[in-house]
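Read the structure below first, then the notes.
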Amino acid sequence: MNRPAQISKLKDSGIWDMVIIGGGATGAGAALDAATRGYKTLLIEQYDFAKGTSSKSTKLVHGGVRYLQQGNVKLVFEALRERGRLLKNAPHLTSTQAFIVPVYSLWQKIFYGVGLKVYDILAGSLSLGKTKLLNAKQTIQQLPSINPNKLFGGIMYFDGQFDDSNLCIEILGTAEKNGATIINYCKAIGFIKDNHKITGVEIMDTYTQNIYKVNAKVVVNATGAFTNEVVEMDDQNQQDFVTPSQGIHFVINKNLFEGSAAMMIPKTDDGRVLFAVPWYGKVILGTTDTPIKKSNIEPKALEEEIKFILEHINRYGTQKIARADVNTIFVGLRPLISTKNKGNTSGVSREHALHISLSGLVSIIGGKWTTYRKMAIHAIDNAAFVGKLPKKNCVTANLPIDLSVQKLNAIQQIIEANPEYANKIHAGFDYQLAEIVYAIRHQMATNVEDVLSRRIRLLYLDARVAMHVAPNVAIVMAKELNKDENWIQQQVTEFNDLAAKYILD
Ligand SMILES: Cc1cc2nc3c(=O)[nH]c(=O)nc-3n(C[C@H](O)[C@H](O)[C@H](O)COP(=O)(O)OP(=O)(O)OC[C@H]3O[C@@H](n4cnc5c(N)ncnc54)[C@H](O)[C@@H]3O)c2cc1C
């Protein structure tokens with residue numbers, strides 16, 4: 001993906017079959033679906049790909065045990081199918097993860113044991129492993145950091161895990177390989193209409209402020225927590241489609257929550273779910289479900305959310321985790337389908353919805369990362385109908401999303417040309433300097449944040465380490481992009497300002 005080459009296509013005066021607004025999981029899935037059906041597709045993202053919620057998930061490819069508890073069997077069944085497909089189609093960015101639900105009575109063991117057996121049965125041939133009942137000793141073996149006090153046993157089940165932003169970028173890379181035009185830092189700022197029908201989009205390149213007007217047979221709104229704003233751009237009188245709900249996560253070092261299994265608490269005393277999940281050698285703790293009024297691209301954790309996670313993890317673990325132990329705090333916004341009850345979002349459905357406005361704007365709303373492909377099918381089937389495009393079937397069910405061989409070869413070439421780039425970015429992590437160059441040449445990274453947040457996940461693994469390496473990353477980038485000392489300074493300042501928000505004081 002090369003940005004200048006893609007931008008030049010905006011000058012094309014022809015008509016796009018589909019313009020997709022939003023470069024998170026939903027938009028990326030829609031672009032891949034549309035491009036592989038043969039539609040002439042353009043996707044624009046106002047910031048960087050996956051800068052919104054799609055880099056800030058709990059990183060689970062899951063059916064959602066909690067939704068089973070809520071009785072939403074259809075959603076779980078569908079998500080388990082998608083989980084299986086995703087693990088097959090993108091094996092290098094996904095993995096199977098063992099989870100343990102600790103239980104404190106025989107009744108809990110029966111209740112959760114039966115529920116998780118059903119979860120397993122619903123996965124059918126796409127099951128990732130058989131659910132097992134554990135006694136207290138076996139549970140402690142799997143979760144060495146669990147508080148043994150009153151522990152009765154545990155249930156081990158299997159789910160998927162992934163690298164969310166990198167999957168998003170590879171879905172977009174695969175869409176581009178299939179003919180789509182994909183551009184970051186381009187914002188939809190208005191619709192072009194003819195006789196009240198949308199016929200195109202006004203787009204601003206946020207780097208140059210250049211404005212482009214592109215014609216489209218149909219426009220898909222895949223803007224997640226920002227859906228309401230784009231809908232309003234079409235029709236100021238529309239009701240809210242999305243109610244954002246915030247979820248926070250901490251990332252801590254492995255020695256504070258040991259073992260290779262993840263812990264899942266289906267119901268804390270105030271009815272929430274708590275996870276402790278190993279990820280890239282660290283552990284992610286989360287999450288919360290707090291309704292908020294206005295979407296922000298970098299949402300801020302509330303003090304009560306921080307206290308909730310600390311208090312509950314310390315209740316279930318033996319090592320006492322303090323604020324200073326948190327390497328990174330990150331916050332995402334669930335784009336939940338709007339309901340009248342805005343007070344409690346943990347009960348709102350994680351299913352998706354589709355809305356077609358009178359002017360023909362196709363908005364795809366809600367859902368979850370795991371079901372992005374299903375959402376894409378729904379969106380593109382309807383968009384093709386609205387745009388009067390020739391009917392073509394979806395082909396993504398078994399389509400590989402795997403650019404790992406391309407990456408390996410490119411990294412090798414970068415190192416052959418400059419052996420210094422084989423060095424690590426930081427001694428504590430496996431990332432090489434060559435990956436910075438790869439991110440620029442092949443993944444449309446334009447600044448230090450793009451590299452250290454969403455391609456190399458250092459900001460999410462340890463924000464202080466990310467700040468520490470930022471100057472060196474900026475120097476490598478400046479060399480590749482032919483930038484000067486001022487650019488380096490500005491990049492480091494901007495990145496440090498952002499990274500400071502990922503540190504828990
Ligand atoms: C705390 C939390 C944990 C979660 N954990 C999981 C999990 O473990 N597993 C799972 O399956 N799901 C999970 N989810 C759900 C999942 O992350 C989201 O459903 C999914 O990422 C939403 O993707 P999206 O593309 O709709 O939204 P986003 O990723 O937010 O993408 C929308 C994009 O649209 C762009 N945009 C907005 N306006 C414009 C404009 N005018 N022009 C151009 N671009 C624009 C935004 O910049 C943004 O990048 C979680 C969600 C949260 C909040």
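Note on naming: chains are A, B, ... as they come in the structure tokens, residues start from 1 per chain, ligands start from 1 in the order shown.
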- prompt: Using only C-alpha atoms, which residues sit within 12 Å of Gly367 of chain A once same-chain residues fewer than 3 positions away are excluded, as a VMD selection string?
  reply: chain A and resid 25 to 26 53 to 54 63 to 64 75 to 76 78 to 79 222 224 to 225 242 334 to 337 348 to 354 364 370 to 376 378
Next, dump the selected residues to file, keeping only N, CA and C atoms, as a short mmCIF file (atom, residue, chain, number, x, y, z; two decimals), in the first residue's frame.
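Output below, filename part.cif:
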data_model
loop_
_atom_site.label_atom_id
_atom_site.label_comp_id
_atom_site.auth_asym_id
_atom_site.auth_seq_id
_atom_site.Cartn_x
_atom_site.Cartn_y
_atom_site.Cartn_z
N ALA A 25 -12.28 -2.28 11.56
CA ALA A 25 -12.62 -3.65 11.19
C ALA A 25 -13.80 -3.69 10.21
N THR A 26 -14.82 -2.89 10.49
CA THR A 26 -16.04 -2.96 9.68
C THR A 26 -15.79 -2.46 8.26
N THR A 53 -11.71 2.13 17.46
CA THR A 53 -11.92 0.99 18.36
C THR A 53 -11.15 -0.25 17.92
N SER A 54 -10.91 -0.38 16.63
CA SER A 54 -10.37 -1.64 16.11
C SER A 54 -8.93 -1.95 16.52
N GLY A 63 -16.78 -16.35 20.53
CA GLY A 63 -18.23 -16.43 20.36
C GLY A 63 -18.92 -15.53 21.37
N GLY A 64 -18.26 -15.33 22.52
CA GLY A 64 -18.83 -14.48 23.56
C GLY A 64 -19.60 -15.31 24.57
N LEU A 75 -26.30 -15.20 18.07
CA LEU A 75 -25.08 -14.40 17.97
C LEU A 75 -23.85 -15.24 18.28
N VAL A 76 -23.94 -16.07 19.31
CA VAL A 76 -22.81 -16.91 19.71
C VAL A 76 -22.50 -17.92 18.61
N GLU A 78 -23.14 -17.77 15.41
CA GLU A 78 -22.57 -17.08 14.24
C GLU A 78 -21.12 -16.67 14.51
N ALA A 79 -20.89 -16.13 15.71
CA ALA A 79 -19.54 -15.66 16.06
C ALA A 79 -18.56 -16.84 16.14
N ALA A 222 -19.10 3.17 7.55
CA ALA A 222 -18.59 2.15 8.50
C ALA A 222 -17.72 2.87 9.52
N GLY A 224 -18.15 3.28 12.90
CA GLY A 224 -18.17 2.83 14.30
C GLY A 224 -18.81 3.84 15.24
N ALA A 225 -18.05 4.23 16.26
CA ALA A 225 -18.57 5.14 17.28
C ALA A 225 -18.85 6.54 16.72
N VAL A 242 -26.05 5.13 17.10
CA VAL A 242 -25.07 4.44 17.92
C VAL A 242 -25.01 5.07 19.31
N ARG A 334 -17.21 0.99 22.26
CA ARG A 334 -18.08 0.04 21.55
C ARG A 334 -19.13 0.83 20.79
N PRO A 335 -19.27 0.57 19.49
CA PRO A 335 -20.31 1.27 18.73
C PRO A 335 -21.62 0.50 18.85
N LEU A 336 -22.25 0.59 20.02
CA LEU A 336 -23.45 -0.22 20.24
C LEU A 336 -24.67 0.38 19.56
N ILE A 337 -25.54 -0.50 19.10
CA ILE A 337 -26.77 -0.05 18.46
C ILE A 337 -27.58 0.73 19.50
N VAL A 348 -26.84 -4.37 26.23
CA VAL A 348 -27.23 -4.07 24.85
C VAL A 348 -26.63 -5.10 23.91
N SER A 349 -27.39 -5.48 22.90
CA SER A 349 -26.96 -6.53 21.98
C SER A 349 -25.69 -6.16 21.23
N ARG A 350 -24.82 -7.15 21.06
CA ARG A 350 -23.60 -6.95 20.25
C ARG A 350 -23.84 -7.36 18.80
N GLU A 351 -25.10 -7.57 18.46
CA GLU A 351 -25.40 -7.88 17.06
C GLU A 351 -25.28 -6.61 16.24
N HIS A 352 -25.19 -6.76 14.96
CA HIS A 352 -25.06 -5.56 14.13
C HIS A 352 -26.41 -5.20 13.51
N ALA A 353 -26.47 -4.01 12.96
CA ALA A 353 -27.69 -3.57 12.28
C ALA A 353 -27.29 -2.79 11.03
N LEU A 354 -28.22 -2.71 10.09
CA LEU A 354 -27.92 -1.99 8.85
C LEU A 354 -29.04 -0.98 8.62
N ILE A 364 -23.56 0.66 8.43
CA ILE A 364 -23.44 -0.65 9.07
C ILE A 364 -22.96 -0.40 10.51
N THR A 370 -14.94 -9.96 15.84
CA THR A 370 -15.00 -11.36 15.40
C THR A 370 -15.95 -11.54 14.22
N THR A 371 -17.03 -10.76 14.18
CA THR A 371 -18.05 -10.96 13.14
C THR A 371 -17.92 -9.94 11.99
N TYR A 372 -16.74 -9.32 11.86
CA TYR A 372 -16.58 -8.27 10.84
C TYR A 372 -16.93 -8.78 9.43
N ARG A 373 -16.62 -10.04 9.16
CA ARG A 373 -16.82 -10.58 7.81
C ARG A 373 -18.31 -10.74 7.49
N LYS A 374 -19.06 -11.18 8.50
CA LYS A 374 -20.52 -11.31 8.35
C LYS A 374 -21.16 -9.94 8.13
N MET A 375 -20.65 -8.97 8.88
CA MET A 375 -21.17 -7.60 8.75
C MET A 375 -20.89 -7.08 7.33
N ALA A 376 -19.72 -7.42 6.83
CA ALA A 376 -19.34 -6.97 5.49
C ALA A 376 -20.28 -7.56 4.44
N HIS A 378 -23.37 -8.48 4.80
CA HIS A 378 -24.66 -7.80 4.92
C HIS A 378 -24.59 -6.41 4.28
#
- prompt: Can you tell me which residues sit at most 7 Å away from ligand 1, counting only C-alpha atoms and all ligand atoms, written as a ChimeraX atom specification?
  reply: /A:21-27,44-62,186-189,222-227,230,245-248,287-288,297,331-335,365-371
Export of prior selection with C-alpha atoms as a short mmCIF file (atom, residue, chain, number, x, y, z; two decimals), in the first residue's frame:
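Printed below is selection.cif as written:
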data_model
loop_
_atom_site.label_atom_id
_atom_site.label_comp_id
_atom_site.auth_asym_id
_atom_site.auth_seq_id
_atom_site.Cartn_x
_atom_site.Cartn_y
_atom_site.Cartn_z
CA ILE A 21 -16.02 5.59 4.91
CA GLY A 22 -14.05 4.26 7.89
CA GLY A 23 -10.89 2.13 8.05
CA GLY A 24 -11.59 0.01 11.14
CA ALA A 25 -12.62 -3.65 11.19
CA THR A 26 -16.04 -2.96 9.68
CA GLY A 27 -14.83 -0.77 6.81
CA ILE A 44 -11.03 6.32 3.19
CA GLU A 45 -10.01 6.65 6.84
CA GLN A 46 -9.79 10.04 8.55
CA TYR A 47 -6.81 9.05 10.75
CA ASP A 48 -4.74 5.90 10.48
CA PHE A 49 -6.26 2.47 9.81
CA ALA A 50 -7.66 0.95 13.04
CA LYS A 51 -6.91 4.13 15.02
CA GLY A 52 -10.47 3.91 16.41
CA THR A 53 -11.92 0.99 18.36
CA SER A 54 -10.37 -1.64 16.11
CA SER A 55 -6.93 -1.33 17.78
CA LYS A 56 -8.40 -1.09 21.28
CA SER A 57 -10.30 -4.37 21.68
CA THR A 58 -9.60 -7.09 24.27
CA LYS A 59 -8.05 -8.99 21.31
CA LEU A 60 -10.38 -11.98 21.53
CA VAL A 61 -11.73 -13.84 18.54
CA HIS A 62 -14.66 -15.26 20.42
CA CYS A 186 -8.52 11.22 4.33
CA LYS A 187 -11.75 12.42 5.91
CA ALA A 188 -15.25 12.38 4.42
CA ILE A 189 -16.40 15.98 4.96
CA ALA A 222 -18.59 2.15 8.50
CA THR A 223 -17.51 4.72 11.05
CA GLY A 224 -18.17 2.83 14.30
CA ALA A 225 -18.57 5.14 17.28
CA PHE A 226 -18.63 8.10 14.84
CA THR A 227 -21.61 6.81 12.88
CA VAL A 230 -21.62 10.85 9.36
CA SER A 245 -19.88 2.47 25.48
CA GLN A 246 -16.37 2.73 26.81
CA GLY A 247 -14.12 -0.15 27.84
CA ILE A 248 -10.69 0.18 29.43
CA THR A 287 -12.66 -4.44 30.71
CA THR A 288 -15.47 -2.03 31.58
CA ILE A 297 -10.83 9.11 18.99
CA VAL A 331 -9.55 2.72 26.06
CA GLY A 332 -11.96 1.82 23.27
CA LEU A 333 -15.52 2.73 22.36
CA ARG A 334 -18.08 0.04 21.55
CA PRO A 335 -20.31 1.27 18.73
CA ILE A 365 -23.63 -0.41 12.83
CA GLY A 366 -22.60 -2.33 15.96
CA GLY A 367 -21.30 -5.90 15.86
CA LYS A 368 -17.90 -6.98 17.07
CA TRP A 369 -14.46 -7.61 15.59
CA THR A 370 -15.00 -11.36 15.40
CA THR A 371 -18.05 -10.96 13.14
#
message: According to DSSP computed on the backbone, where in segment 18-229 of chain A is there strand (DSSP E)? Give the residues as a ChimeraX atom specification.
response: /A:18-21,41-44,60-61,94-103,132-135,153-162,181-183,186-194,197-205,211-221
Next, dump the selected residues to file, keeping only C-alpha atoms, as a compact mmCIF listing (two decimals), in the first residue's frame.
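Final output, result.txt:
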# COMPACT_ATOMS: atom_id res chain seq x y z
CA MET A 18 -18.54 1.85 -3.75
CA VAL A 19 -16.96 4.38 -1.45
CA ILE A 20 -16.50 3.08 2.10
CA ILE A 21 -16.02 5.59 4.91
CA THR A 41 -13.90 0.19 -4.38
CA LEU A 42 -12.46 3.16 -2.51
CA LEU A 43 -11.97 3.18 1.28
CA ILE A 44 -11.03 6.32 3.19
CA LEU A 60 -10.38 -11.98 21.53
CA VAL A 61 -11.73 -13.84 18.54
CA THR A 94 -4.53 -15.32 15.45
CA SER A 95 -4.06 -18.15 17.93
CA THR A 96 -5.96 -20.52 20.17
CA GLN A 97 -5.96 -19.50 23.81
CA ALA A 98 -6.95 -21.59 26.86
CA PHE A 99 -9.26 -19.75 29.28
CA ILE A 100 -10.12 -20.75 32.83
CA VAL A 101 -13.29 -19.73 34.65
CA PRO A 102 -12.51 -20.14 38.37
CA VAL A 103 -15.49 -21.39 40.40
CA LYS A 132 -12.57 -29.55 30.75
CA LEU A 133 -13.60 -29.50 34.39
CA LEU A 134 -10.70 -28.84 36.78
CA ASN A 135 -10.36 -29.29 40.52
CA GLY A 153 -12.16 -25.58 40.89
CA GLY A 154 -12.33 -24.23 37.39
CA ILE A 155 -13.54 -24.80 33.86
CA MET A 156 -11.08 -24.70 31.02
CA TYR A 157 -12.36 -23.74 27.59
CA PHE A 158 -10.76 -22.50 24.39
CA ASP A 159 -11.24 -19.32 22.40
CA GLY A 160 -9.27 -17.32 19.84
CA GLN A 161 -6.95 -14.38 20.24
CA PHE A 162 -5.49 -11.93 17.74
CA THR A 181 -8.00 1.84 -3.40
CA ILE A 182 -7.28 2.32 0.29
CA ILE A 183 -6.19 5.63 1.85
CA CYS A 186 -8.52 11.22 4.33
CA LYS A 187 -11.75 12.42 5.91
CA ALA A 188 -15.25 12.38 4.42
CA ILE A 189 -16.40 15.98 4.96
CA GLY A 190 -19.63 16.06 2.96
CA PHE A 191 -21.88 14.23 0.55
CA ILE A 192 -22.55 15.20 -3.04
CA LYS A 193 -26.23 14.82 -3.87
CA ASP A 194 -28.36 14.91 -6.94
CA LYS A 197 -29.71 11.03 -3.63
CA ILE A 198 -26.04 10.63 -2.67
CA THR A 199 -23.88 10.53 -5.80
CA GLY A 200 -20.48 11.08 -4.25
CA VAL A 201 -18.31 12.15 -1.33
CA GLU A 202 -16.25 15.21 -0.60
CA ILE A 203 -12.93 14.10 0.86
CA MET A 204 -10.17 16.06 2.57
CA ASP A 205 -6.59 14.82 2.65
CA ILE A 211 -10.16 18.48 -1.21
CA TYR A 212 -11.31 15.84 -3.69
CA LYS A 213 -14.79 15.21 -4.97
CA VAL A 214 -15.37 11.61 -5.93
CA ASN A 215 -18.41 10.09 -7.62
CA ALA A 216 -19.92 6.91 -6.22
CA LYS A 217 -22.78 4.62 -7.10
CA VAL A 218 -23.20 3.89 -3.40
CA VAL A 219 -21.58 5.00 -0.15
CA VAL A 220 -21.10 2.77 2.90
CA ASN A 221 -20.82 4.38 6.32
task: Could you give me, as a PyMOL selection string, the residues within 12 Å of Gly115 of chain A, counting only C-alpha atoms and dropping anything in the same chain fewer than 2 positions from it?
output: chain A and resi 64-71+73+76+101+108-113+117-122+131-133+155-157+266
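In this structure, atom CA of Ala123 of chain A sits 5.4 Å away from atom CA of Leu80 of chain A.
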message: So that I can check the surroundings of Thr446 of chain A, please list as a VMD selection string every protein, DNA and RNA residue that reaches within 10 Å of it, counting only C-alpha atoms and ignoring chain neighbours fewer than 2 positions away.
response: chain A and resid 3 48 184 to 185 207 439 to 441 443 to 444 448 to 451 477 481
Let me see the file: selected residues, N, CA and C atoms, as an mmCIF file, in the first residue's frame.
data_model
loop_
_atom_site.group_PDB
_atom_site.id
_atom_site.type_symbol
_atom_site.label_atom_id
_atom_site.label_comp_id
_atom_site.auth_asym_id
_atom_site.auth_seq_id
_atom_site.Cartn_x
_atom_site.Cartn_y
_atom_site.Cartn_z
ATOM 1 N N ARG A 3 0.893 5.337 -0.272
ATOM 2 C CA ARG A 3 -0.087 6.428 -0.149
ATOM 3 C C ARG A 3 -0.130 7.370 -1.353
ATOM 4 N N ASP A 48 -5.441 7.073 10.997
ATOM 5 C CA ASP A 48 -4.744 5.901 10.478
ATOM 6 C C ASP A 48 -5.707 4.711 10.558
ATOM 7 N N ASN A 184 -5.376 6.243 4.050
ATOM 8 C CA ASN A 184 -5.547 6.773 5.408
ATOM 9 C C ASN A 184 -5.398 8.292 5.392
ATOM 10 N N TYR A 185 -5.698 8.920 6.500
ATOM 11 C CA TYR A 185 -5.645 10.381 6.658
ATOM 12 C C TYR A 185 -6.447 11.119 5.586
ATOM 13 N N TYR A 207 -3.445 15.687 5.512
ATOM 14 C CA TYR A 207 -2.039 16.134 5.492
ATOM 15 C C TYR A 207 -1.881 17.413 4.654
ATOM 16 N N ALA A 439 6.822 -0.984 7.431
ATOM 17 C CA ALA A 439 5.538 -0.316 7.725
ATOM 18 C C ALA A 439 5.333 0.888 6.803
ATOM 19 N N ILE A 440 6.419 1.599 6.507
ATOM 20 C CA ILE A 440 6.305 2.770 5.622
ATOM 21 C C ILE A 440 6.069 2.329 4.175
ATOM 22 N N ARG A 441 6.889 1.379 3.728
ATOM 23 C CA ARG A 441 6.825 1.000 2.298
ATOM 24 C C ARG A 441 5.568 0.212 1.943
ATOM 25 N N GLN A 443 2.760 -0.646 4.363
ATOM 26 C CA GLN A 443 1.543 -0.591 5.199
ATOM 27 C C GLN A 443 1.069 0.836 5.426
ATOM 28 N N MET A 444 1.552 1.757 4.618
ATOM 29 C CA MET A 444 1.097 3.144 4.631
ATOM 30 C C MET A 444 1.292 3.850 5.965
ATOM 31 N N VAL A 448 5.290 8.433 13.502
ATOM 32 C CA VAL A 448 5.786 7.533 14.563
ATOM 33 C C VAL A 448 4.623 6.798 15.243
ATOM 34 N N GLU A 449 3.511 7.496 15.435
ATOM 35 C CA GLU A 449 2.364 6.839 16.083
ATOM 36 C C GLU A 449 1.856 5.654 15.250
ATOM 37 N N ASP A 450 1.748 5.845 13.939
ATOM 38 C CA ASP A 450 1.282 4.738 13.083
ATOM 39 C C ASP A 450 2.145 3.496 13.302
ATOM 40 N N VAL A 451 3.473 3.739 13.419
ATOM 41 C CA VAL A 451 4.405 2.614 13.551
ATOM 42 C C VAL A 451 4.313 1.999 14.949
ATOM 43 N N MET A 477 12.641 6.622 10.337
ATOM 44 C CA MET A 477 11.550 7.038 9.431
ATOM 45 C C MET A 477 11.984 8.232 8.570
ATOM 46 N N LEU A 481 11.813 8.508 4.633
ATOM 47 C CA LEU A 481 10.846 9.443 4.035
ATOM 48 C C LEU A 481 11.497 10.746 3.579
#
